[in-house]
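Asks: If it helps, the file is called entry-v7.txt and holds compact mmCIF, C-alpha atoms:
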# COMPACT_ATOMS: atom_id res chain seq x y z
CA MET A 71 -38.16 -19.53 7.00
CA ASP A 72 -35.52 -19.37 4.29
CA LYS A 73 -35.99 -16.31 2.16
CA GLU A 74 -34.57 -15.59 -1.27
CA SER A 75 -35.28 -11.94 -0.72
CA VAL A 76 -33.97 -9.99 2.25
CA ARG A 77 -35.36 -6.86 3.87
CA ILE A 78 -32.63 -4.36 4.74
CA GLU A 79 -32.66 -0.93 6.37
CA PHE A 80 -29.63 1.31 6.42
CA THR A 81 -28.47 4.89 6.16
CA VAL A 82 -26.92 6.05 2.91
CA ASN A 83 -25.56 9.59 2.64
CA ASN A 84 -27.54 10.57 5.74
CA LYS A 85 -30.81 9.25 4.31
CA GLU A 86 -32.55 6.22 5.76
CA VAL A 87 -33.60 3.63 3.23
CA ALA A 88 -35.49 0.34 3.48
CA LEU A 89 -35.83 -2.14 0.64
CA ASP A 90 -36.13 -5.79 -0.32
CA ILE A 91 -33.12 -7.16 -2.15
CA PRO A 92 -32.15 -10.53 -3.68
CA ALA A 93 -30.15 -12.59 -1.15
CA ASP A 94 -27.09 -12.78 -3.37
CA ALA A 95 -27.06 -9.14 -4.52
CA THR A 96 -23.81 -7.31 -3.84
CA ALA A 97 -23.80 -4.00 -1.98
CA LEU A 98 -22.64 -2.49 -5.28
CA HIS A 99 -25.71 -3.84 -7.09
CA VAL A 100 -28.02 -2.49 -4.39
CA LEU A 101 -26.47 0.99 -4.59
CA ARG A 102 -26.24 1.26 -8.36
CA GLU A 103 -29.22 -0.68 -9.67
CA MET A 104 -31.74 -0.39 -6.86
CA LEU A 105 -30.94 3.04 -5.40
CA SER A 106 -29.61 4.61 -8.64
CA LEU A 107 -26.42 5.77 -6.91
CA THR A 108 -24.34 5.25 -10.02
CA GLY A 109 -21.35 7.29 -8.84
CA THR A 110 -19.94 4.08 -7.39
CA LYS A 111 -18.40 2.14 -10.30
CA GLU A 112 -17.89 -1.51 -11.05
CA GLY A 113 -14.42 -2.14 -12.39
CA CYS A 114 -13.10 -5.65 -11.88
CA GLY A 115 -15.87 -6.97 -9.63
CA ILE A 116 -13.37 -9.03 -7.62
CA GLY A 117 -11.89 -6.53 -5.18
CA GLU A 118 -8.73 -5.66 -7.04
CA CYS A 119 -9.35 -2.25 -8.61
CA GLY A 120 -11.14 -0.24 -5.91
CA ALA A 121 -13.52 1.58 -8.32
CA CYS A 122 -16.44 0.38 -6.17
CA THR A 123 -15.03 1.69 -2.87
CA ILE A 124 -17.63 3.01 -0.42
CA VAL A 125 -17.35 3.93 3.26
CA VAL A 126 -19.28 1.71 5.69
CA ASP A 127 -19.29 2.69 9.38
CA GLY A 128 -16.24 4.84 8.75
CA LYS A 129 -14.22 2.20 6.91
CA ALA A 130 -13.42 1.98 3.21
CA VAL A 131 -14.63 -1.31 1.71
CA ASN A 132 -15.07 -2.78 -1.76
CA SER A 133 -18.82 -2.81 -2.35
CA CYS A 134 -18.40 -5.57 -4.96
CA LEU A 135 -17.16 -7.94 -2.23
CA MET A 136 -19.92 -7.12 0.23
CA LEU A 137 -23.35 -8.69 0.28
CA GLY A 138 -26.16 -6.18 0.06
CA ALA A 139 -27.68 -7.94 3.07
CA GLN A 140 -24.60 -6.95 5.08
CA LEU A 141 -25.53 -3.27 4.68
CA ASP A 142 -28.43 -3.78 7.09
CA GLY A 143 -28.12 -1.36 10.00
CA ARG A 144 -24.98 0.32 8.62
CA MET A 145 -24.01 3.93 7.94
CA VAL A 146 -22.95 4.14 4.32
CA THR A 147 -21.31 7.01 2.44
CA THR A 148 -20.94 6.94 -1.34
CA VAL A 149 -19.31 9.55 -3.57
CA GLU A 150 -22.73 11.23 -3.91
CA GLY A 151 -22.58 11.96 -0.18
CA LEU A 152 -19.37 14.00 -0.28
CA ALA A 153 -20.62 17.29 -1.74
CA THR A 154 -23.09 19.43 0.22
CA GLU A 155 -25.46 22.17 -0.90
CA SER A 156 -22.73 24.71 -0.23
CA GLY A 157 -20.37 23.06 -2.68
CA LEU A 158 -17.99 20.26 -3.44
CA HIS A 159 -16.07 18.41 -0.74
CA PRO A 160 -12.50 19.80 -0.28
CA LEU A 161 -11.09 16.53 -1.63
CA GLN A 162 -13.17 16.93 -4.78
CA GLU A 163 -12.00 20.55 -5.14
CA LYS A 164 -8.36 19.56 -4.79
CA PHE A 165 -8.73 16.63 -7.21
CA MET A 166 -10.06 19.09 -9.80
CA GLU A 167 -7.43 21.75 -9.19
CA GLY A 168 -4.60 19.26 -9.00
CA HIS A 169 -5.48 17.37 -12.21
CA ALA A 170 -6.02 14.16 -10.25
CA VAL A 171 -8.73 13.16 -12.72
CA GLN A 172 -8.34 12.09 -16.31
CA CYS A 173 -10.94 9.57 -17.49
CA GLY A 174 -12.57 9.73 -14.07
CA PHE A 175 -13.62 6.10 -13.72
CA CYS A 176 -11.45 5.41 -10.67
CA THR A 177 -12.12 8.83 -9.11
CA PRO A 178 -15.16 7.96 -6.95
CA GLY A 179 -13.21 5.07 -5.42
CA LEU A 180 -10.09 7.18 -4.86
CA LEU A 181 -12.20 9.89 -3.24
CA MET A 182 -13.84 7.41 -0.88
CA SER A 183 -10.54 5.79 0.14
CA SER A 184 -8.98 9.17 0.82
CA HIS A 185 -12.14 10.38 2.58
CA ALA A 186 -11.97 7.39 4.96
CA LEU A 187 -8.28 8.16 5.61
CA LEU A 188 -8.94 11.84 6.36
CA GLU A 189 -11.77 10.95 8.72
CA GLU A 190 -9.44 8.60 10.59
CA LYS A 191 -6.20 10.60 10.57
CA GLU A 192 -5.77 14.32 11.10
CA ASN A 193 -2.42 14.64 9.34
CA PRO A 194 -1.48 11.52 7.36
CA THR A 195 2.01 11.28 5.87
CA ARG A 196 2.58 10.83 2.14
CA ALA A 197 3.40 7.17 2.86
CA GLU A 198 0.12 6.74 4.73
CA ILE A 199 -1.75 8.32 1.82
CA GLU A 200 -0.03 5.96 -0.63
CA LYS A 201 -0.93 3.01 1.60
CA ALA A 202 -4.57 4.08 1.91
CA ILE A 203 -5.07 4.29 -1.87
CA ALA A 204 -2.96 1.25 -2.78
CA GLY A 205 -6.21 -0.64 -3.39
CA ASN A 206 -7.39 1.87 -6.00
CA ILE A 207 -6.03 1.35 -9.45
CA CYS A 208 -5.76 4.29 -11.85
CA ARG A 209 -4.56 3.76 -15.40
CA CYS A 210 -4.40 7.46 -16.37
CA THR A 211 -2.85 9.77 -13.83
CA GLY A 212 0.21 7.91 -12.60
CA TYR A 213 -0.98 8.60 -9.04
CA GLN A 214 1.34 11.52 -8.25
CA GLN A 215 -1.33 14.18 -8.87
CA VAL A 216 -3.78 12.16 -6.78
CA ILE A 217 -1.41 11.92 -3.83
CA THR A 218 -0.44 15.60 -4.07
CA SER A 219 -4.12 16.63 -4.23
CA ILE A 220 -4.88 14.65 -1.08
CA GLU A 221 -1.85 16.23 0.62
CA THR A 222 -3.11 19.69 -0.33
CA ALA A 223 -6.56 18.91 1.08
CA VAL A 224 -4.90 17.79 4.33
CA SER A 225 -2.69 20.87 4.67
CA GLU A 226 -5.51 23.29 3.85
CA ARG A 227 -7.71 21.62 6.44
CA LEU A 228 -4.92 21.97 9.04
CA ASP A 229 -4.39 25.64 8.05
CA GLY A 230 -8.12 26.26 8.42
CA GLU A 231 -8.08 24.81 11.93
CA ASN A 232 -5.07 26.83 13.02
CA ARG A 233 -6.40 30.11 11.71
CA MET B 100 -35.00 -13.85 -8.65
CA SER B 101 -31.98 -15.50 -7.16
CA LYS B 102 -32.15 -19.06 -5.95
CA ILE B 103 -29.84 -18.37 -3.02
CA ALA B 104 -31.21 -17.81 0.48
CA TYR B 105 -29.56 -15.58 3.07
CA ILE B 106 -29.41 -16.70 6.70
CA LYS B 107 -28.01 -14.66 9.57
CA PRO B 108 -27.58 -16.86 12.67
CA ASP B 109 -27.72 -15.17 16.09
CA SER B 110 -25.02 -17.26 17.74
CA VAL B 111 -22.28 -19.78 16.99
CA GLY B 112 -24.62 -22.53 18.24
CA ASP B 113 -27.31 -21.36 15.87
CA ALA B 114 -24.79 -21.22 12.99
CA ILE B 115 -23.66 -24.81 13.64
CA GLU B 116 -27.23 -26.08 13.63
CA ILE B 117 -27.84 -24.36 10.30
CA LEU B 118 -24.57 -25.68 8.85
CA ALA B 119 -25.34 -29.21 10.09
CA ASP B 120 -28.79 -29.02 8.50
CA LYS B 121 -27.73 -27.52 5.15
CA GLY B 122 -24.44 -29.43 4.76
CA SER B 123 -22.36 -28.55 1.74
CA SER B 124 -25.19 -26.55 0.18
CA ALA B 125 -24.27 -23.70 2.53
CA ALA B 126 -21.42 -21.22 2.13
CA ILE B 127 -20.18 -19.27 5.14
CA ILE B 128 -19.77 -15.52 4.74
CA ALA B 129 -17.47 -13.82 7.23
CA GLY B 130 -15.51 -11.09 5.42
CA GLY B 131 -16.74 -12.53 2.14
CA THR B 132 -13.63 -11.40 0.26
CA ASP B 133 -12.96 -14.90 -1.10
CA VAL B 134 -16.53 -16.25 -1.16
CA MET B 135 -17.93 -13.31 -3.15
CA VAL B 136 -15.26 -13.80 -5.82
CA ASP B 137 -15.99 -17.54 -6.07
CA LEU B 138 -19.74 -16.83 -6.16
CA ARG B 139 -19.33 -14.38 -9.02
CA SER B 140 -17.16 -16.73 -11.07
CA GLY B 141 -19.47 -19.70 -10.47
CA GLU B 142 -16.66 -21.56 -8.70
CA ILE B 143 -19.17 -22.22 -5.91
CA THR B 144 -22.95 -22.54 -6.27
CA PRO B 145 -24.39 -22.62 -2.75
CA GLU B 146 -28.09 -22.63 -1.97
CA TYR B 147 -27.58 -20.82 1.32
CA LEU B 148 -25.32 -17.98 2.41
CA VAL B 149 -24.75 -18.13 6.15
CA ASP B 150 -23.60 -14.70 7.34
CA ILE B 151 -21.48 -14.95 10.50
CA SER B 152 -19.89 -11.52 10.09
CA ARG B 153 -21.64 -9.99 13.09
CA LEU B 154 -21.27 -12.75 15.66
CA GLU B 155 -19.73 -11.12 18.73
CA GLU B 156 -18.53 -14.54 19.94
CA LEU B 157 -16.01 -14.56 17.07
CA LYS B 158 -14.53 -11.14 17.85
CA GLY B 159 -11.73 -9.94 20.10
CA ILE B 160 -8.03 -10.50 20.78
CA ARG B 161 -7.19 -11.39 24.37
CA MET B 162 -4.76 -13.12 26.72
CA GLU B 163 -6.35 -16.11 28.50
CA ASN B 164 -4.31 -18.24 30.94
CA ASP B 165 -1.01 -17.30 29.25
CA GLU B 166 -2.44 -18.14 25.83
CA LEU B 167 -3.06 -15.57 23.13
CA VAL B 168 -6.59 -15.98 21.78
CA ILE B 169 -7.67 -14.41 18.50
CA GLY B 170 -11.32 -14.66 17.49
CA ALA B 171 -11.90 -16.07 14.00
CA GLY B 172 -13.95 -13.01 13.07
CA VAL B 173 -11.11 -10.57 13.78
CA THR B 174 -10.32 -8.53 10.66
CA LEU B 175 -6.86 -7.97 9.21
CA SER B 176 -7.15 -4.26 10.10
CA GLU B 177 -7.85 -5.20 13.71
CA ILE B 178 -4.80 -7.48 13.67
CA TYR B 179 -2.60 -4.70 12.35
CA ASN B 180 -3.90 -2.24 14.97
CA SER B 181 -3.64 -4.60 17.97
CA ASP B 182 -1.13 -3.59 20.68
CA LEU B 183 -1.36 -7.08 22.17
CA LEU B 184 -0.26 -8.66 18.89
CA ALA B 185 2.48 -6.03 18.40
CA GLU B 186 3.94 -7.28 21.67
CA TYR B 187 3.26 -11.02 21.62
CA ALA B 188 2.89 -11.96 17.93
CA PRO B 189 4.65 -9.24 15.89
CA ALA B 190 5.13 -11.39 12.78
CA LEU B 191 1.33 -11.81 12.55
CA LYS B 192 0.88 -8.06 12.82
CA LYS B 193 3.43 -7.57 10.03
CA SER B 194 1.63 -10.05 7.78
CA ALA B 195 -1.47 -7.85 8.04
CA TYR B 196 0.41 -4.76 6.84
CA ASN B 197 0.81 -5.77 3.21
CA PHE B 198 -2.29 -7.96 3.13
CA ALA B 199 -4.30 -7.07 -0.01
CA SER B 200 -5.64 -3.50 0.27
CA ALA B 201 -7.14 -1.28 2.98
CA GLN B 202 -10.62 -2.04 1.65
CA ILE B 203 -10.05 -5.79 1.98
CA ARG B 204 -8.19 -5.61 5.33
CA ASN B 205 -11.22 -3.79 6.75
CA ILE B 206 -13.52 -6.78 6.21
CA ALA B 207 -11.39 -9.90 5.59
CA THR B 208 -11.06 -12.11 8.66
CA ILE B 209 -8.24 -14.30 9.93
CA GLY B 210 -10.71 -17.21 10.22
CA GLY B 211 -11.59 -16.87 6.55
CA ASN B 212 -7.94 -16.60 5.52
CA VAL B 213 -7.21 -19.92 7.23
CA ALA B 214 -10.46 -21.72 6.33
CA HIS B 215 -10.08 -20.90 2.62
CA CYS B 216 -6.96 -23.12 2.66
CA SER B 217 -5.17 -21.16 -0.01
CA PRO B 218 -1.47 -22.11 0.02
CA CYS B 219 -0.72 -18.39 0.03
CA GLY B 220 -2.84 -17.32 3.01
CA ASP B 221 -0.56 -14.69 4.55
CA THR B 222 -1.69 -15.18 8.14
CA ILE B 223 -0.84 -18.88 8.18
CA PRO B 224 3.01 -18.83 8.43
CA PRO B 225 2.84 -16.41 11.41
CA LEU B 226 0.24 -18.66 13.08
CA VAL B 227 2.48 -21.68 12.44
CA ILE B 228 5.51 -20.14 14.20
CA HIS B 229 3.33 -19.47 17.25
CA GLU B 230 2.30 -23.14 17.16
CA ALA B 231 -1.31 -22.01 16.93
CA GLU B 232 -4.19 -24.34 17.58
CA VAL B 233 -7.52 -23.88 15.87
CA LEU B 234 -10.69 -23.97 17.96
CA LEU B 235 -13.47 -25.68 16.04
CA SER B 236 -17.13 -25.86 16.95
CA GLY B 237 -19.28 -28.49 15.32
CA LYS B 238 -22.38 -30.54 15.98
CA ASP B 239 -20.29 -32.94 18.08
CA GLY B 240 -18.93 -30.16 20.27
CA GLN B 241 -15.60 -28.35 20.36
CA LYS B 242 -12.14 -29.49 19.42
CA ARG B 243 -8.65 -28.08 19.09
CA ILE B 244 -6.42 -29.00 16.16
CA PRO B 245 -2.95 -27.77 15.14
CA ILE B 246 -3.00 -25.04 12.49
CA GLU B 247 -0.98 -27.16 10.07
CA GLN B 248 -3.78 -29.75 9.97
CA VAL B 249 -6.50 -27.39 8.72
CA ALA B 250 -5.48 -27.60 5.05
CA THR B 251 -5.10 -31.07 3.59
CA GLY B 252 -4.04 -29.58 0.24
CA PRO B 253 -4.51 -26.40 -1.79
CA TYR B 254 -8.07 -25.14 -1.13
CA ARG B 255 -8.89 -28.46 0.56
CA SER B 256 -9.95 -28.30 4.14
CA PHE B 257 -9.94 -30.84 6.94
CA LEU B 258 -13.08 -29.21 8.31
CA GLU B 259 -16.49 -30.86 8.04
CA PRO B 260 -19.32 -28.76 6.54
CA HIS B 261 -20.89 -28.41 10.01
CA GLU B 262 -17.69 -27.16 11.59
CA LEU B 263 -16.80 -23.53 12.18
CA ILE B 264 -13.46 -22.04 13.24
CA THR B 265 -14.21 -19.92 16.29
CA ALA B 266 -10.73 -18.85 17.44
CA PHE B 267 -6.98 -19.36 17.23
CA VAL B 268 -4.91 -20.07 20.33
CA LEU B 269 -1.28 -18.96 20.05
CA LYS B 270 1.78 -19.38 22.23
CA PRO B 271 2.61 -15.74 22.90
CA ARG B 272 6.28 -14.79 22.64
CA LYS B 273 8.13 -11.49 22.87
CA ALA B 274 10.94 -12.63 20.59
CA ALA B 275 14.01 -10.43 20.16
CA PHE B 276 13.51 -10.66 16.40
CA ALA B 277 10.34 -11.49 14.47
CA ASP B 278 9.39 -10.83 10.89
CA PHE B 279 7.12 -11.77 7.99
CA LYS B 280 8.16 -11.31 4.38
CA LYS B 281 6.59 -12.13 1.07
CA ILE B 282 7.29 -11.89 -2.62
CA GLY B 283 4.42 -11.00 -4.94
CA ARG B 284 4.01 -9.26 -8.28
CA ARG B 285 3.64 -5.87 -6.62
CA LYS B 286 3.81 -4.48 -3.10
CA ASP B 287 0.11 -4.19 -2.36
CA LEU B 288 -2.81 -6.36 -3.44
CA ALA B 289 -0.38 -9.10 -4.40
CA ILE B 290 -0.96 -12.81 -4.01
CA SER B 291 2.15 -14.19 -2.28
CA ARG B 292 4.39 -16.34 -4.46
CA LEU B 293 6.67 -16.95 -1.50
CA SER B 294 6.10 -16.03 2.11
CA MET B 295 7.93 -16.71 5.36
CA ALA B 296 7.60 -15.95 9.05
CA VAL B 297 10.30 -16.19 11.70
CA MET B 298 10.98 -15.63 15.42
CA ILE B 299 14.49 -15.67 16.88
CA ASP B 300 16.00 -15.24 20.34
CA LYS B 301 19.72 -15.15 21.06
CA SER B 302 21.76 -16.12 24.15
CA ASP B 303 24.21 -13.78 25.84
CA ASP B 304 27.07 -15.26 23.81
CA GLY B 305 25.31 -14.27 20.56
CA THR B 306 24.27 -17.76 19.45
CA ILE B 307 20.70 -18.45 18.35
CA SER B 308 18.91 -19.99 21.32
CA PHE B 309 15.40 -20.22 19.90
CA MET B 310 14.00 -20.19 16.41
CA ARG B 311 10.63 -20.83 14.78
CA PHE B 312 10.35 -20.65 11.01
CA SER B 313 7.51 -21.25 8.58
CA LEU B 314 7.38 -21.19 4.81
CA GLY B 315 4.18 -20.33 2.92
CA ALA B 316 2.77 -20.03 -0.61
CA CYS B 317 5.43 -22.08 -2.43
CA THR B 318 4.39 -25.43 -0.92
CA PRO B 319 0.86 -26.94 -1.21
CA THR B 320 0.24 -26.03 2.45
CA PRO B 321 2.31 -23.79 4.75
CA HIS B 322 5.01 -25.69 6.65
CA ARG B 323 7.06 -25.21 9.76
CA MET B 324 10.64 -25.96 8.67
CA ILE B 325 12.07 -27.84 11.65
CA PRO B 326 15.34 -28.97 9.92
CA VAL B 327 16.16 -25.32 9.22
CA GLU B 328 15.41 -24.34 12.83
CA GLU B 329 17.59 -27.19 14.15
CA PHE B 330 20.42 -26.26 11.81
CA MET B 331 20.45 -22.63 12.97
CA VAL B 332 19.95 -23.05 16.73
CA GLY B 333 23.15 -23.06 18.78
CA LYS B 334 25.16 -21.27 16.10
CA LYS B 335 26.29 -17.66 15.80
CA PRO B 336 24.35 -15.96 13.01
CA THR B 337 26.89 -14.93 10.35
CA GLU B 338 26.18 -14.11 6.72
CA LYS B 339 27.68 -17.46 5.78
CA LEU B 340 25.32 -19.25 8.15
CA LEU B 341 22.32 -17.46 6.65
CA PHE B 342 23.32 -18.56 3.14
CA GLU B 343 23.73 -22.14 4.37
CA GLY B 344 20.36 -21.99 6.17
CA GLY B 345 18.76 -20.57 3.03
CA ARG B 346 20.26 -23.40 0.95
CA LEU B 347 18.86 -25.99 3.37
CA LEU B 348 15.48 -24.23 3.23
CA ALA B 349 15.43 -24.35 -0.59
CA GLU B 350 16.37 -28.04 -0.50
CA SER B 351 13.61 -28.75 2.05
CA MET B 352 11.10 -26.94 -0.17
CA ILE B 353 12.13 -29.01 -3.21
CA GLU B 354 11.74 -32.17 -1.14
CA ILE B 355 8.07 -31.21 -0.65
CA THR B 356 7.22 -29.85 -4.09
CA GLY B 357 9.54 -31.82 -6.36
CA ARG B 358 11.41 -30.11 -9.21
CA ARG B 359 8.68 -28.10 -10.91
CA PRO B 360 9.42 -25.69 -13.79
CA SER B 361 9.16 -22.68 -11.47
CA ILE B 362 12.01 -24.03 -9.35
CA ILE B 363 14.57 -22.16 -11.47
CA TYR B 364 13.12 -18.98 -9.96
CA LYS B 365 11.98 -20.23 -6.58
CA GLU B 366 15.18 -21.93 -5.44
CA PRO B 367 17.35 -18.77 -5.40
CA ALA B 368 14.36 -16.60 -4.42
CA VAL B 369 13.63 -18.65 -1.29
CA GLN B 370 17.29 -18.56 -0.29
CA GLY B 371 17.56 -14.83 -1.03
CA LEU B 372 14.43 -13.90 0.90
CA PHE B 373 15.62 -15.98 3.86
CA VAL B 374 19.01 -14.19 3.91
CA ARG B 375 17.39 -10.79 3.55
CA MET B 376 14.83 -11.42 6.27
CA LEU B 377 17.34 -12.76 8.80
CA HIS B 378 20.12 -10.30 8.05
CA PRO B 379 19.26 -8.02 11.00
CA VAL B 380 20.24 -10.82 13.43
CA VAL B 381 23.81 -11.14 12.08
CA ASN B 382 26.20 -10.29 14.92
Could you take the file, read its structure, and then write that structure out as structure tokens?

Replies:
Amino acid sequence: MDKESVRIEFTVNNKEVALDIPADATALHVLREMLSLTGTKEGCGIGECGACTIVVDGKAVNSCLMLGAQLDGRMVTTVEGLATESGLHPLQEKFMEGHAVQCGFCTPGLLMSSHALLEEKENPTRAEIEKAIAGNICRCTGYQQVITSIETAVSERLDGENR
Amino acid sequence: MSKIAYIKPDSVGDAIEILADKGSSAAIIAGGTDVMVDLRSGEITPEYLVDISRLEELKGIRMENDELVIGAGVTLSEIYNSDLLAEYAPALKKSAYNFASAQIRNIATIGGNVAHCSPCGDTIPPLVIHEAEVLLSGKDGQKRIPIEQVATGPYRSFLEPHELITAFVLKPRKAAFADFKKIGRRKDLAISRLSMAVMIDKSDDGTISFMRFSLGACTPTPHRMIPVEEFMVGKKPTEKLLFEGGRLLAESMIEITGRRPSIIYKEPAVQGLFVRMLHPVVN
């Protein structure tokens, strides 16, 4: 009965996948090493830096703290799922324009935390943005450009809707 | 290939049978935010990972016969977003606000926060002031124990390997004033160095008629501070009274911990946090 390998099926970036994984593999390991989705980064590996943030069933989570087996049946979005054929995601555009990226290592995690926030809230305040990305550590930018870029993405989305 | 097996029980009953069979070779995964860290560091080396994260029996926050019941599998995000808790256990809701990060709040559970028996579990002081009881299921059936009995010391649990926390039963109270405060190295993602939870009601004449207070993180296990409550009840809350209460609190803490090197910092910090937290109730 007891299996050291687990069969999981889930949706990642709108694609259904099925694979056998080691029972103790993290979700991060499954994404990076088994599905080659290397946009998601491993920073600290203990849930403090947020570089490994992915969105599972609409919620931002640290993929280093999640068992791969727990992905079974879930809807997963990684940074690779943000851009479409028609171009980059608005958050990615604004991060580029607003100099929210320096070394870039924390960027996938910051994008996923802010993506989860923007899916949940139409018009988050600056304080809500700060709260949503508090679990993403960036040693380059000093955060202000990141927060401003997210604010710009929010206001342009609202402008687009009101037009 | 890994030597760890993954088991996903279909019910609490099923989980208990598995836990009874595997004993201490099994680790329970709910949110996993503590277990995954310990697994990575080698702090724990289980043979089985028992995943209870999807058991519906452990979910939900509800009022049952005038008792507030919180499922052990409720996440910190769910606690923060609960209208029922905002009304009947606001200090618990507040403890969820600065709990770790959004990513962790989305998966970490209240059951795991309590079962891990860390002295700095942020949900414990709010549970203590609501005189919470812990519902345990084990191979010998169910039992209810007071929250303060779960931890016998730092990271040491009273629970048997076959026992599972299924829910917390709180005395609901719409107190006039309730709060949770902590001191950590930064605002978010900080392990509490000191934490405290309080509920206060006042009589028409402005004196404190009811108070529940719990200290966390700076003692080996969180404690309800009854001498502090007794000292404050029946008196008008003035700044002077808060300083005296804070002094008594610091003395009570030292009685439990002894004079450790960190006391030079903790003694004034405990008093200061107490005064700051209770200041809104000064007449």

Asks: Write out as a list of chain:residue names which residues come within 8 Å of B:Thr356 when counting all atoms listed in the file, dropping same-chain ones fewer than 4 positions away.

Replies: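 Non-adjacent residues within range: B:Thr318, B:Pro319, B:Met352.
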
Asks: Those residues you just picked out, can you put them in a file as a PDB file, in the coordinates of the input with C-alpha atoms?

Replies:
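The resulting file, part.pdb, is shown below:
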ATOM      1  CA  THR B 318       4.390 -25.430  -0.920  1.00  0.00           C
ATOM      2  CA  PRO B 319       0.860 -26.940  -1.210  1.00  0.00           C
ATOM      3  CA  MET B 352      11.100 -26.940  -0.170  1.00  0.00           C
TER       4      MET B 352
END

Asks: Using all atoms listed in the file, which chain A residues lie at most 7 Å away from chain B, written as a list in words?

Replies: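 On the chain A side, the interface is Asp72, Lys73, Glu74, Pro92, Ala93, Asp94, Ile116, Glu118, Lys129, Ala130, Val131, Asn132, Leu135, Met136, Ala202, Ala204 and Gly205 of chain A.
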
Asks: If we count only C-alpha atoms, what is near stretch 181-185 of chain B at a cut-off of 10 Å, once residues fewer than 2 positions away on the same chain are taken out, given as a ChimeraX atom specification?

Replies: /B:159-162,167,169,175-179,187-193,271-273

Asks: Just want the 7 Å neighbourhood of stretch 209-224 of chain B, counted on all atoms listed in the file, with same-chain residues fewer than 2 positions away dropped. Output as a count of residues only.

Replies: 30

Asks: If I take atom CA of A:Pro194 and atom CA of A:Cys208, how far is one from the other in Å, to one decimal?

Replies: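 Result for atom CA of A:Pro194 versus atom CA of A:Cys208: 21.0 Å, one decimal.
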
Asks: Residues within 10 Å of B:Thr306, please, as a PyMOL selection string. Count all atoms listed in the file; anything in the same chain fewer than 4 positions from it doesn't count.

Replies: chain B and resi 300-302+331-337+381-382

Asks: Please complete stretch 161-172 of chain B so it has N, CA and C atoms, and hand it over as a compact mmCIF listing (two decimals), in the coordinates of the input.

Replies:
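Output (out-v2.txt):
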# COMPACT_ATOMS: atom_id res chain seq x y z
N ARG B 161 -7.39 -11.47 22.92
CA ARG B 161 -7.19 -11.39 24.37
C ARG B 161 -6.19 -12.43 24.86
N MET B 162 -5.65 -12.17 26.07
CA MET B 162 -4.76 -13.12 26.72
C MET B 162 -5.61 -13.92 27.71
N GLU B 163 -5.56 -15.26 27.59
CA GLU B 163 -6.35 -16.11 28.50
C GLU B 163 -5.44 -17.20 29.03
N ASN B 164 -5.18 -17.22 30.33
CA ASN B 164 -4.31 -18.24 30.94
C ASN B 164 -2.99 -18.39 30.18
N ASP B 165 -2.30 -17.30 29.94
CA ASP B 165 -1.01 -17.30 29.25
C ASP B 165 -1.10 -17.76 27.79
N GLU B 166 -2.30 -17.83 27.25
CA GLU B 166 -2.44 -18.14 25.83
C GLU B 166 -3.04 -16.91 25.14
N LEU B 167 -2.58 -16.71 23.91
CA LEU B 167 -3.06 -15.57 23.13
C LEU B 167 -4.22 -16.06 22.26
N VAL B 168 -5.40 -15.51 22.50
CA VAL B 168 -6.59 -15.98 21.78
C VAL B 168 -7.07 -14.92 20.79
N ILE B 169 -7.20 -15.32 19.54
CA ILE B 169 -7.67 -14.41 18.50
C ILE B 169 -8.95 -14.96 17.92
N GLY B 170 -10.04 -14.22 18.03
CA GLY B 170 -11.32 -14.66 17.49
C GLY B 170 -11.25 -14.82 15.98
N ALA B 171 -11.96 -15.80 15.44
CA ALA B 171 -11.90 -16.07 14.00
C ALA B 171 -12.46 -14.91 13.18
N GLY B 172 -13.33 -14.11 13.80
CA GLY B 172 -13.95 -13.01 13.07
C GLY B 172 -13.17 -11.70 13.15
